[in-house]
Structures are given as structure tokens and as C-alpha cells.
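**Q** Handing you a structure now.
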Amino acid sequence: MSTEEQILEELTSKEYEHGWSVDFEADETPLGINEDIIRFISAKKEEPEWLLEWRLKAFRLWQEMKEPKWVNVSYPKVEFQAIRYYSAPKQDKKPTSLNEVDPELLKTFERLGISLQEQKRLTGVAVDAVIDSVSVATTFKDKLSELGIIFCSFSEAVQEHPELVKKYIGTVVPSNDNYYAALNSAVFSDGSFCYIPKGIRCPMELSTYFRINAANTGQFERTLIIADEDSYVSYLEGCTAPMRDENQLHAAVVEIYAAKNAEVKYSTVQNWYPGDKDGKGGIYNFVTKRGICAGDHSKISWTQVETGSAITWKYPSCILKGNNSVGEFYSVAVTNNYQQADTGTKMVHIGKNTRSRIVSKGISAGKSQNSYRGQVEVIKRAENARNFSQCDSLLMGSLCGAHTFPYIDIKNKTAQVEHEATTSKIGEDQIFYCQQRGIDEETAVALIVNGFAKEVMNKLPMEFAVEAQKLLALTLEGSVG
Amino acid sequence: MISIKNLQASIKDKKILKGIDLEVKAGEVHAIMGPNGSGKSTLASVLAGREDYEVTGGSVEYFGEDLLDLDPEERSQKGIFLAFQYPVEIPGVSTTNFMKTAINKVRESRGEKALDAVNFLKLMKEKMKLVDIDQSLLSRSLNEGFSGGEKKRNEIFQMAMLEPKLAILDETDSGLDIDALKIVADGVNKLKSKDNATVVVTHYQRLLNYIVPDFVHILYKGKIVRSGDKNLASELEEKGYDWIKEEAALV
Ligand SMILES: Nc1ncnc2c1ncn2[C@@H]1O[C@H](COP(=O)(O)OP(=O)(O)OP(=O)(O)O)[C@@H](O)[C@H]1O
Ligand SMILES: [Mg+2]
């Protein structure tokens, strides 16, 4: 037995021995995890019995599982018993409007350039802000509900639409899918829920901003997006975190379900604290994101801009079950200093005439490591499957690394799979050319990098694209010269 | 405007410029000619501030300021423009976007407000006409897949946009067909004023029929071995470089 498992068992059994009980008035749990902690979380959220059972089952599965090891990522061991699995922000009652939200909180949002006010007024984006596990501000809900669209926090969905949650939770990412998905299933705190009814095109971008707040609080969001037949939704997720010294674990799960003719566009800008220049601190980001094109002619499109986190481990995937369904993955991953990113996608072709497209742009600077891992699987009965993959890497300096691992598993002869990969360096002559036109080195790098990533950036919704461009520049600040 | 005195520069310990003296005044056009490898592009690069070259001696004064003390972007912002012999490709960045960034950086350096979209487009339109360049070329990735001639024309377009005080054109004529040559030369002439100056690096007399130089200098083995008026260029065209080389050998 590994020491970690030992500690785990010791701690969990000890808690039981001492008949440790949870103070249900408390706003946070003690450090560590055991079945009582899970009961506490579930009770705190006034969850139905079936969900508690679902969590406990996941927890038991998790205890049996082994923490995965990856070749291209290294980090100190995560102490799962040193994490606090639930904490609520200090707040008496749920606000019904922005006016009731803690002004300090709003200020933070403004500093990040994502003021809810501004967004409400200017862009018509409905925002569901998740701060430390509890949803504090939900806007535009009324407008959406007129169309029958449900967009709320996960906890709220559990209360108000338990039948939908029960029907879909865990169907795309089963709780035993992987180590971190199992952990999430056991302790997920909150997240977002979205349901688009039949025949409805959601008229605005649905957006959630996540932010990690209190120290030592691992974040375990859970997002569930259901697009019913003939519906469309574009969903945005954006993240930022303040500077801090301790590593923070983040293990989210996102599930997307697309019925016949439905289309879901999911865009992320991920900008968590990556650690300082020496690689100290930073977020560990182990995310499971998966969508299923369940119905014929459905489409799921992932677009991600990954600039943050000390470690990113993330493979948004598509299961192309419906005939003629389409999966897309557009990714820009930037790593600087000591950041490590291992990201990519998995496209599973099951239905006939299914198509997938992968465009991955990796940018490495400093001493960072950037890996792309892509898997294209075509099962035996998936006639006429098509895949196109393009993986480009851009290197800045000579101390960083870029790695590409394409896995292809084809069981049907009619499949057509194309893979292209390039690696380039930002040239001194490119930078000099820019400088000769009056553009300083930092701006030149930002320009060149944004040009490199353009194909992906173009896939982002407008209001996100500008922010994302700035982010790329910011992430690479000081990485030349 | 610019006063170059005994300028020496080397790359990887190889001496390339071995004492250049050159004085360019506002309103003048200078042509620099010379055999391959004599150091013409090196001189242009050193003036533009390329760091690969180490200046080992001499001085360059530009509007009374020590030019060698400035960063490349500062030199550009202060009005030095280099049309590259080999323009660089920047994938995913359109000429339009590139120019917008450049112009606004230059304006910022002068404490001016950024050009808004309307005025920028107006400026673009005006300059596009001047060098007869197509809009579609400007929306493509900068220099990526451009033909040799398109690249050169694009350089002159950028020059027109930035309105430099001192423009150095490094073999802008090579790769241009005869019509394009006329258009480019025409553009350069239209941009000429009593307040700016042009240095053209070329191998051919042909260009100098259109852009008429006040002075012609011959660079050989890192030194200006002869200066004269435009007739010197015709003489070269007739006789080639051998007599220059022989003369230089005697010194
Ligand atoms: N990066 C470099 N490394 C080594 N040698 C170099 C480098 N750059 C230039 N040189 C050398 O310096 C000399 C002058 O080159 P330069 O490009 O200035 O010549 P030029 O007069 O512009 O020639 P051309 O007419 O062919 O354009 C050449 O011998 C060239 O090989
Ligand atoms: Mg040259």
C-alpha cells in the first residue's frame, strides 16, 4: 500500500472511530475527506437521498482508484486530506439582484475586467458567477425562462429540476471514468446547469465566471449542459484566480449532451494562477470535459484558451454517437516559466458519416512544457468517418519543450484521417521586422503569437476574443529579451 | 539629417563595415551601389539597429542625437524606415493589422492619440492608391505567400503609411517587373519632400532613371570607395565593377 493510501485509510477510519460529527451550522468543513464530509456537503445543499447515494458510491469508487501518473507532467503529491472540500462565502441570504451582492466581490470582478454590470448592459450576456462553490449572482434568468431555457447553479437545478439532473448526471462522464472525475462526483460543490428545450436557439451567450477564493479550498465544479432536439447554445466559461503560494487543486467535470440536430458551442478562457517565475504556487487543474453527440446531425464544438495553472491536464472530448454528427476542438495552450500543460482531445467516432476537426496551437516559453495528446478513435461500424487534425507548436527560447502525441485507432476501412503537425520558433528576424516598424518587442511577440493562434481565436465569441488576446500577451510578458 | 562617421561593424568577429563616412541632408536622394557581399545590407541593418551586428567603431548622428544609442523601435518611431531586401513573413497577421499596430505605436511615442478605425481606413485608402496595391493583399497574412514583387510593393506601401524622414530602400527594385518598378518609383517620388531623405541600395542603373539620385556611392569591401553624381551609376553600368576593384587594390 502506498503511503498516501495509508494516510487516507488511517484518517478515514480514525474519523469514524472517534465518531466525528459535523457541525451543520458551519460554513466550512474541516480539512480532509470521508463519508461524513460528503454527507455534510449533501445535507448543506439539502440534496435528495438519491444524490447523496450517488456521491457516496463515487467516493467508494474513488478510494479504490489510483492517482494517475503522466510522463510529461511532474508535481509534488497532492495531499487530499489537506484540502477543504466545502466552504461557503460569508453571506446571509442569497441576493436577488446585483445590488445585494457584496461590493467587494463586485470590485474584484471589475478588476478582472469582467464587471457584471457592464456585461449585463453592454453585451446582453447572462452571467452566473460562482465564487467559492456557491452561486452568488444569477442574471437574465427571467428572460431566458420565457423561452424555457434553464440556466442556473447546479445546486438550484438539483432543487428545482431534479428529474433532469437525475436523468443526465454521470451519463457522459461516469463517476468511475477517472480518478479526478470520481473525486468530483463525490464532493462537487456547485457549478452550472443549462437546459435548452426543443427547437430553441438560445439568443445570448451563456457565461459563467469561476473564481477560487478562500485559501485551501479545492474547487470541484460540476457543469451539465443539455441541448434538446433542434436547439442551439453558445456557452462561455472563464476563470481567474488571485496570486497565492499554496498549490490548489481543481478538478471539474463538464458534461454536454446534444440531442438530434442540436448544437453546443463551449468556449473557455482559463487563466488561473500559474505559479511565480520560479514555479512556486499555482493551480493544479485536472479537468474532465466531455460531450456526447447523442442524436443524428448534432454538433459539439470545444474552444479553449489555456494560459493559466501550474499544471493543466485537460482533454475535452466528443463522443460522436449520432449519424452525421460533428465534433470540433480548437485549442490554444500557452505555457511560460515552469508551467506544464498536457492537453488535447479525444474524438470517438461511433455513428455513420461522423466528422471531427482538431486544431491545436501550443505556445511554450520559459522553462515550460507543453504537450498535445490527441486521440481519434473510429469504431468498426462507423462508416465514412472523417477526421482532420492540425497541431502546431511555437517555441520561444530554447529551454521550453513542445510534445505532440497523436493516437489513432481506426477499425473501419472507410475512415479518412489526416494529421498535420508543425513546430516553429519565433524568429529574431520577425521581431526585428516589427521593431523596424516602431513596434516594441513585447508587442511584437503578442502580435506574432496572436497571429499564430488566430484560427482558434477566431472561433471565440467576440467579447471573449479581445480578453483572450490580452491574456496571451500577458502570459508571455517578459519571456523575450 | 544623418551623419555617419567612420562607422565600423562586425558580425561574429567578422569585420564587415570598415569605416563608412556618409552625410545625408534633408531633401536629398542617395544611391548606394556595390558588388554582392560588399556590406550594403549590413549598413542598412546597422542603421536600423539590428542587434546581430556589433558596432565596433565610429558614430552616427541623427538629427543631432546619437542614433546608435536608440532601440530599433525608437529609431523607427523617430522616422527611420528600412524597406527590407528580404521582407519577413508573419503568419496570421494581416498587413492591415500590422500597420494599425505600427502606426499607433509611432503615434503613442509622439504622445498622440491612437487613430480610430475610420481615420485609419481613410489613410489606408489614400496610401493604397499611391502604390496601387490591392486591398485583398493587405488582408492576407503579412508577406506569406506573396510573390517577390508583391513583397516589395508592400514594403513601399508601409513606407507610405509611416511617412518616414529617412527611408532606406534595400534593393526594392529587384524582383519588380517594369510596370511595378515605375509604380514603386512613382510612389517614392511622390513621398519625397524637402524634409525627408531617401537612400536607395541598388544594383541597377534602371531604378535610378526613375528615382534620380543627387549622389551615388560605391561600397566595396565595407568602405565607400567612390562617390559622385548620377553619372557614376551610368559609368558603372557600362564598365562593371572591375575598375573599381582594381583601383581599390592599388590603394
Ligand atoms: N549573419 C551573418 N553571418 C555571417 N556573415 C554575414 C552575416 N550577415 C552578413 N554576413 C556577411 O557580410 C558580408 C556583407 O553582407 P551584406 O548582406 O551586407 O552584403 P550586400 O552588399 O547587401 O550584398 P548583396 O548585394 O548580395 O545584397 C557578406 O560577406 C555576408 O556573407
Ligand atoms: Mg544586400
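Ordered as shown in the C-alpha cells, chains take letters A, B, and onward, while each chain numbers its residues from 1 and ligands are numbered from 1 in the order shown.
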Could you give me, as CSV, a per-residue list for chain B showing, wherever an atom lies at most 9 Å from an atom of ligand 1, the closest pair of atoms and their distance in Å to one decimal, using only C-alpha atoms and all ligand atoms and sorting by chain then residue number from low to high?
**A**
```
residue,atom,partner,partner_atom_place_in_ligand_line,distance
B:Ser10,CA,ligand 1,12 (O),8.1
B:Ile11,CA,ligand 1,3 (N),6.0
B:Lys12,CA,ligand 1,3 (N),6.6
B:Lys14,CA,ligand 1,5 (N),7.1
B:Lys15,CA,ligand 1,12 (O),8.0
B:Ile16,CA,ligand 1,12 (O),5.6
B:Leu17,CA,ligand 1,14 (C),8.2
B:Met33,CA,ligand 1,21 (O),8.2
B:Gly34,CA,ligand 1,21 (O),6.5
B:Pro35,CA,ligand 1,25 (O),5.7
B:Asn36,CA,ligand 1,25 (O),3.5
B:Gly37,CA,ligand 1,19 (O),3.4
B:Ser38,CA,ligand 1,21 (O),3.9
B:Gly39,CA,ligand 1,18 (O),3.2
B:Lys40,CA,ligand 1,21 (O),3.7
B:Ser41,CA,ligand 1,22 (O),3.6
B:Thr42,CA,ligand 1,18 (O),3.6
B:Leu43,CA,ligand 1,18 (O),6.4
B:Ala44,CA,ligand 1,18 (O),7.9
B:Ser45,CA,ligand 1,18 (O),8.2
B:Asp52,CA,ligand 1,1 (N),7.1
B:Tyr53,CA,ligand 1,1 (N),8.0
B:Gln85,CA,ligand 1,27 (O),7.3
B:Asp170,CA,ligand 1,22 (O),7.8
B:Glu171,CA,ligand 1,27 (O),7.4
B:Val201,CA,ligand 1,22 (O),8.3
B:Thr202,CA,ligand 1,25 (O),7.9
B:His203,CA,ligand 1,25 (O),7.2
B:Leu219,CA,ligand 1,21 (O),7.6
B:Tyr220,CA,ligand 1,21 (O),8.1
B:Lys221,CA,ligand 1,14 (C),8.1
B:Gly222,CA,ligand 1,14 (C),7.7
```
**Q** Chain B residues within 10 Å of chain A, counting only C-alpha atoms: which ones, as a ChimeraX atom specification?
**A** /B:45,48-52,71-84,87-94,97-99,101-107,109,141-142,158-159,162
**Q** Could you list, as a PyMOL selection string, every residue within 7 Å of B:Val131, counting only C-alpha atoms and ignoring same-chain residues fewer than 3 positions away?
**A** chain B and resi 127-128+157+183-184+187
**Q** Can you list, as a ChimeraX atom specification, every protein, DNA or RNA residue that comes within 6 Å of A:Ser185 when you count only C-alpha atoms, leaving out same-chain residues fewer than 3 positions away?
**A** /A:55,58,175,182,188
**Q** B:Leu70, B:Val200, B:Val60, B:Leu138: which is nearest ligand 2, counting only C-alpha atoms and all ligand atoms?
**A**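 Between B:Leu70, B:Val200, B:Val60, B:Leu138, the residue approaching ligand 2 most closely is B:Val200.
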**Q** For A:Ile196, list every protein, DNA or RNA residue within 9 Å, evaluated using only C-alpha atoms, and leave out those in the same chain fewer than 6 positions away; present the list as a PyMOL selection string.
**A** chain A and resi 147-151+202+225-229+231-233
